[in-house]
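Read through the structure below, which is laid out as structure tokens, and then see the notes.
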Amino acid sequence: LLNINVGGKLFQIAYKVAAQYPITRLGKLALCTDPMKKLQLCDDYSVQRNEYFFDRDPSIFHYIFHFYRSGVLWIMDEMCPSNFVEEIEYWGIHMKYTQRCCRILFEEKQDELSEYLKIEKELEAELEPLDSAGHFQGKFLGQFRGMVWNLIENPYSSVAAKIIAVMSSVFVLISIVSMTLSTVEEMQHKTGKVWMEQLEMVCAIFFTSEYLMRLISSTSFKNFLRAAFNAVDLVAILPFYIQILFENLDEADTLYHEELHKVENVSKLGKVLKLIKLMRIFRILKLARHSTGLRAFGFTMRQCYQQVCCLFLFIAMGVFTFSALMHSVEHDVPGTSFTSIPYAWWWAAVSLSTVGYGDTVPDTVLGRMVAFACISFGIILNGMPISILYNKFSDYYAKLKAHEIET
């Protein structure tokens with residue numbers, strides 16, 4: 001018998017049984033005749049007891065021992081997949097010796113664990129800043145830049161940092177409210193317009209100062225430009241300066257408005273200026289820097305992009321299918337709105353979403369049956385991803401919140 005001591009527990013395996021699997025570690029030990037090579041296959045050897053010692057997990061070796069006796073490697077659900085794979089690789093046993101049902105379940109568990117670890121790593125990276133205060137040691141103005149970094153990136157470092165974080169969110173809200181009120185007719189008179197412009201200038205100055213502080217406290221200019229939140233900050237301040245530039249060009253062109261092409265340029269600049277002003281709405285994305293919920297939502301969308309794309313595919317298929325069916329049963333009805341399949345797309349889209357504006361409705365019995373099928377399909381389709389997305393969102397939100405509390 002081959003006496004095997006694994007983690008303090010003794011096992012006995014016949015030499016002939018172990019030799020049936022010559023590729024495994026115990027098979028090599030049973031077939032080997034050189035004492036020095038045997039010592040390389042184990043951790044220690046006792047001459048008096050004739051025992052080979054292995055500093056491995058004895059609980060998993062029970063399944064290895066069972067494999068040599070029965071020829072089948074069993075896998076229990078409570079085992080850690082990574083630990084089990086590490087152990088069987090050490091003993092030189094291949095997964096092909098397991099039953100197919102056990103192997104399928106084990107591989108599924110392995111994939112789930114790998115996905116879980118991947119998500120955990122990405123969640124930690126979501127909240128981990130690109131730089132830290134310790135990265136500035138020994139660099140140009142390192143102490144000053146580290147102080148600026150704590151002030152602008154670490155709200156929990158001091159009272160002043162917390163005040164700046166709160167002010168950032170307040171200025172974003174003020175900017176959005178200002179942009180909204182500027183479209184109200186009562187606020188478009190001279191006094192209201194001046195107030196809105198001054199308020200916009202104050203917000204732009206604060207956002208610019210905040211952006212420059214982050215730029216100063218960055219250790220890598222390339223990483224700073226590639227960061228998503230920094231891109232949002234840049235989009236938040238660019239419309240103000242582009243608007244000033246275009247307004248100056250607009251004033252210069254109006255001096256020569258007698259020429260027709262100059263007048264056309266003025267009108268074009270006005271349209272571009274309206275588009276630039278509309279870009280200020282993206283400032284609301286700055287709230288994601290201080291909102292765990294918005295970060296969790298964005299992270300959920302990134303992780304579930306395959307399910308979301310699949311949902312859009314199903315919606316597109318439903319729109320094309322039911323619009324074609326509705327056109328085929330309604331196009332002969334006098335005064336119908338379903339004159340072509342593209343005209344029926346809008347009806348199919350609002351019916352699938354279960355909104356149903358009622359601006360386009362079928363008149364025939366067959367048309368109403370198609371409409372009922374379309375609405376039923378929309379209810380089923382909308383109900384499928386909600387539970388998946390919500391469960392993942394709540395899970396990611398809880399983990400992000402826990403990570404924030406720990407740090």
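Labeling convention for the structure tokens: chains A, B, ... as they appear, residues from 1 per chain, ligands from 1 in order of appearance.
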
Selection near Gln307 (chain A), 12 Å with only C-alpha atoms, sequence-local residues under 2 positions removed, as an NGL selection string: :A and (300-305 or 309-314 or 384-389 or 392)

Save out the residues we just selected, C-alpha atoms, as a PDB file, in the first residue's frame.
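Saved to part_36.pdb:
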ATOM      1  CA  THR A 300     -25.585  48.900 -14.933  1.00  0.00           C
ATOM      2  CA  MET A 301     -26.020  50.100 -18.507  1.00  0.00           C
ATOM      3  CA  ARG A 302     -22.405  49.225 -19.320  1.00  0.00           C
ATOM      4  CA  GLN A 303     -22.690  45.759 -17.809  1.00  0.00           C
ATOM      5  CA  CYS A 304     -26.097  45.024 -19.357  1.00  0.00           C
ATOM      6  CA  TYR A 305     -25.445  46.449 -22.820  1.00  0.00           C
ATOM      7  CA  CYS A 309     -29.213  45.733 -27.370  1.00  0.00           C
ATOM      8  CA  CYS A 310     -31.210  42.506 -27.474  1.00  0.00           C
ATOM      9  CA  LEU A 311     -34.260  44.397 -26.186  1.00  0.00           C
ATOM     10  CA  PHE A 312     -33.910  47.024 -28.935  1.00  0.00           C
ATOM     11  CA  LEU A 313     -33.604  44.216 -31.478  1.00  0.00           C
ATOM     12  CA  PHE A 314     -36.874  42.676 -30.270  1.00  0.00           C
ATOM     13  CA  MET A 384     -38.744  40.808 -19.431  1.00  0.00           C
ATOM     14  CA  PRO A 385     -35.698  43.019 -18.768  1.00  0.00           C
ATOM     15  CA  ILE A 386     -37.089  45.124 -15.915  1.00  0.00           C
ATOM     16  CA  SER A 387     -36.403  42.577 -13.174  1.00  0.00           C
ATOM     17  CA  ILE A 388     -32.916  41.817 -14.519  1.00  0.00           C
ATOM     18  CA  LEU A 389     -31.915  45.470 -14.808  1.00  0.00           C
ATOM     19  CA  LYS A 392     -28.411  44.358 -11.039  1.00  0.00           C
TER      20      LYS A 392
END

Spatial neighbours of Ile216 (chain A), 8 Å, only C-alpha atoms, chain gap at least 3 places, as a ChimeraX atom specification: /A:145,148,212-213

Region 67-80 of chain A environment, 7 Å, only C-alpha atoms, sequence neighbours closer than 5 positions dropped, as a PyMOL selection string: chain A and resi 17-18+97-98+102

Given only C-alpha atoms as the counted atoms, nearest of A:Leu245, A:Leu141, A:Ile152, A:Met95 to Ile64 (chain A): A:Met95

Interatomic distance (Å, one decimal) between CA of Lys118 (chain A) and CA of Lys399 (chain A): 13.5 Å

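Across the structure, CA of Phe393 (chain A) and CA of Val170 (chain A) are spaced 26.0 Å apart.
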
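Atom pair CA of Arg289 (chain A) / CA of Leu181 (chain A): separated by 24.9 Å.
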
Contacts of Pro58 (chain A) within 12 Å, only C-alpha atoms, excl. fewer than 4 positions in-chain, as a list of chain:residue names: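 These residues fall inside the cut-off: A:Ile4, A:Asn5, A:Val6, A:Gly7, A:Gly8, A:Lys9, A:Leu10, A:Phe11, A:Phe53, A:Phe54, A:His62, A:Tyr63, A:Ile64, A:Phe65, A:Phe84, A:Glu87.
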
If we count only C-alpha atoms, what is near Gly335 (chain A) at a cut-off of 12 Å, once residues fewer than 2 positions away on the same chain are taken out, given as a PDB file with N, CA and C atoms, in the first residue's frame?
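The resulting file, selection_37.pdb, is shown below:
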ATOM      1  N   GLU A 330     -55.336  47.016 -43.306  1.00  0.00           N
ATOM      2  CA  GLU A 330     -55.985  48.315 -43.200  1.00  0.00           C
ATOM      3  C   GLU A 330     -55.801  49.211 -44.424  1.00  0.00           C
ATOM      4  N   HIS A 331     -54.922  48.841 -45.359  1.00  0.00           N
ATOM      5  CA  HIS A 331     -54.597  49.791 -46.435  1.00  0.00           C
ATOM      6  C   HIS A 331     -55.763  50.016 -47.400  1.00  0.00           C
ATOM      7  N   ASP A 332     -56.755  49.102 -47.447  1.00  0.00           N
ATOM      8  CA  ASP A 332     -57.903  49.275 -48.356  1.00  0.00           C
ATOM      9  C   ASP A 332     -59.028  50.086 -47.723  1.00  0.00           C
ATOM     10  N   VAL A 333     -58.923  50.402 -46.432  1.00  0.00           N
ATOM     11  CA  VAL A 333     -59.986  51.156 -45.760  1.00  0.00           C
ATOM     12  C   VAL A 333     -59.911  52.621 -46.184  1.00  0.00           C
ATOM     13  N   SER A 337     -54.993  55.821 -42.075  1.00  0.00           N
ATOM     14  CA  SER A 337     -53.676  56.421 -41.862  1.00  0.00           C
ATOM     15  C   SER A 337     -52.554  55.453 -42.198  1.00  0.00           C
ATOM     16  N   PHE A 338     -52.902  54.168 -42.375  1.00  0.00           N
ATOM     17  CA  PHE A 338     -51.892  53.147 -42.664  1.00  0.00           C
ATOM     18  C   PHE A 338     -51.717  53.011 -44.175  1.00  0.00           C
ATOM     19  N   THR A 339     -51.300  54.085 -44.815  1.00  0.00           N
ATOM     20  CA  THR A 339     -51.152  54.071 -46.267  1.00  0.00           C
ATOM     21  C   THR A 339     -49.907  53.320 -46.721  1.00  0.00           C
ATOM     22  N   THR A 360     -53.433  57.334 -34.131  1.00  0.00           N
ATOM     23  CA  THR A 360     -53.622  56.437 -35.267  1.00  0.00           C
ATOM     24  C   THR A 360     -54.231  55.144 -34.743  1.00  0.00           C
ATOM     25  N   VAL A 361     -55.439  54.807 -35.220  1.00  0.00           N
ATOM     26  CA  VAL A 361     -56.135  53.616 -34.709  1.00  0.00           C
ATOM     27  C   VAL A 361     -56.681  52.799 -35.877  1.00  0.00           C
ATOM     28  N   PRO A 362     -56.752  51.471 -35.723  1.00  0.00           N
ATOM     29  CA  PRO A 362     -57.334  50.635 -36.779  1.00  0.00           C
ATOM     30  C   PRO A 362     -58.855  50.736 -36.797  1.00  0.00           C
ATOM     31  N   ASP A 363     -59.449  50.492 -37.972  1.00  0.00           N
ATOM     32  CA  ASP A 363     -60.902  50.581 -38.128  1.00  0.00           C
ATOM     33  C   ASP A 363     -61.550  49.212 -38.298  1.00  0.00           C
TER      34      ASP A 363
END

Secondary structure check, alpha helix (DSSP H) residues of region 132-237 of chain A, as an MDAnalysis selection string: chainID A and resid 142:153 159:181 190:216 221:226 228:237

Could you name the residues that touch Met317 (chain A) at 12 Å or less, counting only C-alpha atoms, but leaving out those on the same chain fewer than 5 positions away, as a CSV table (one decimal) with N, CA and C atoms, in the first residue's frame?
chain,number,residue,atom,x,y,z
A,310,CYS,N,-30.3,43.6,-27.1
A,310,CYS,CA,-31.2,42.5,-27.5
A,310,CYS,C,-32.7,43.0,-27.4
A,311,LEU,N,-32.9,43.8,-26.3
A,311,LEU,CA,-34.3,44.4,-26.2
A,311,LEU,C,-34.6,45.3,-27.4
A,312,PHE,N,-33.7,46.2,-27.8
A,312,PHE,CA,-33.9,47.0,-28.9
A,312,PHE,C,-34.1,46.2,-30.2
A,322,PHE,N,-45.5,44.1,-36.9
A,322,PHE,CA,-46.8,44.5,-36.7
A,322,PHE,C,-47.2,45.7,-37.6
A,323,SER,N,-46.3,46.5,-38.0
A,323,SER,CA,-46.6,47.5,-39.0
A,323,SER,C,-46.9,46.9,-40.3
A,324,ALA,N,-46.2,45.9,-40.7
A,324,ALA,CA,-46.5,45.2,-42.0
A,324,ALA,C,-47.9,44.5,-41.9
A,345,TRP,N,-45.1,52.5,-38.8
A,345,TRP,CA,-44.1,52.3,-37.8
A,345,TRP,C,-44.4,53.1,-36.5
A,348,ALA,N,-47.0,51.3,-34.5
A,348,ALA,CA,-46.4,50.1,-33.9
A,348,ALA,C,-45.5,50.4,-32.7
A,349,ALA,N,-44.7,51.5,-32.8
A,349,ALA,CA,-43.8,51.8,-31.7
A,349,ALA,C,-44.5,52.2,-30.5
A,352,LEU,N,-46.3,49.1,-29.0
A,352,LEU,CA,-45.4,48.2,-28.3
A,352,LEU,C,-44.9,48.8,-26.9
A,374,CYS,N,-50.2,43.2,-30.9
A,374,CYS,CA,-49.1,44.1,-30.8
A,374,CYS,C,-48.9,44.6,-29.3
A,377,PHE,N,-47.8,41.7,-27.0
A,377,PHE,CA,-46.4,41.4,-27.2
A,377,PHE,C,-45.5,42.5,-26.5
A,378,GLY,N,-46.0,43.8,-26.6
A,378,GLY,CA,-45.3,44.9,-25.9
A,378,GLY,C,-45.2,44.7,-24.4
A,381,LEU,N,-42.8,42.0,-23.6
A,381,LEU,CA,-41.4,42.5,-24.0
A,381,LEU,C,-40.9,43.4,-22.9
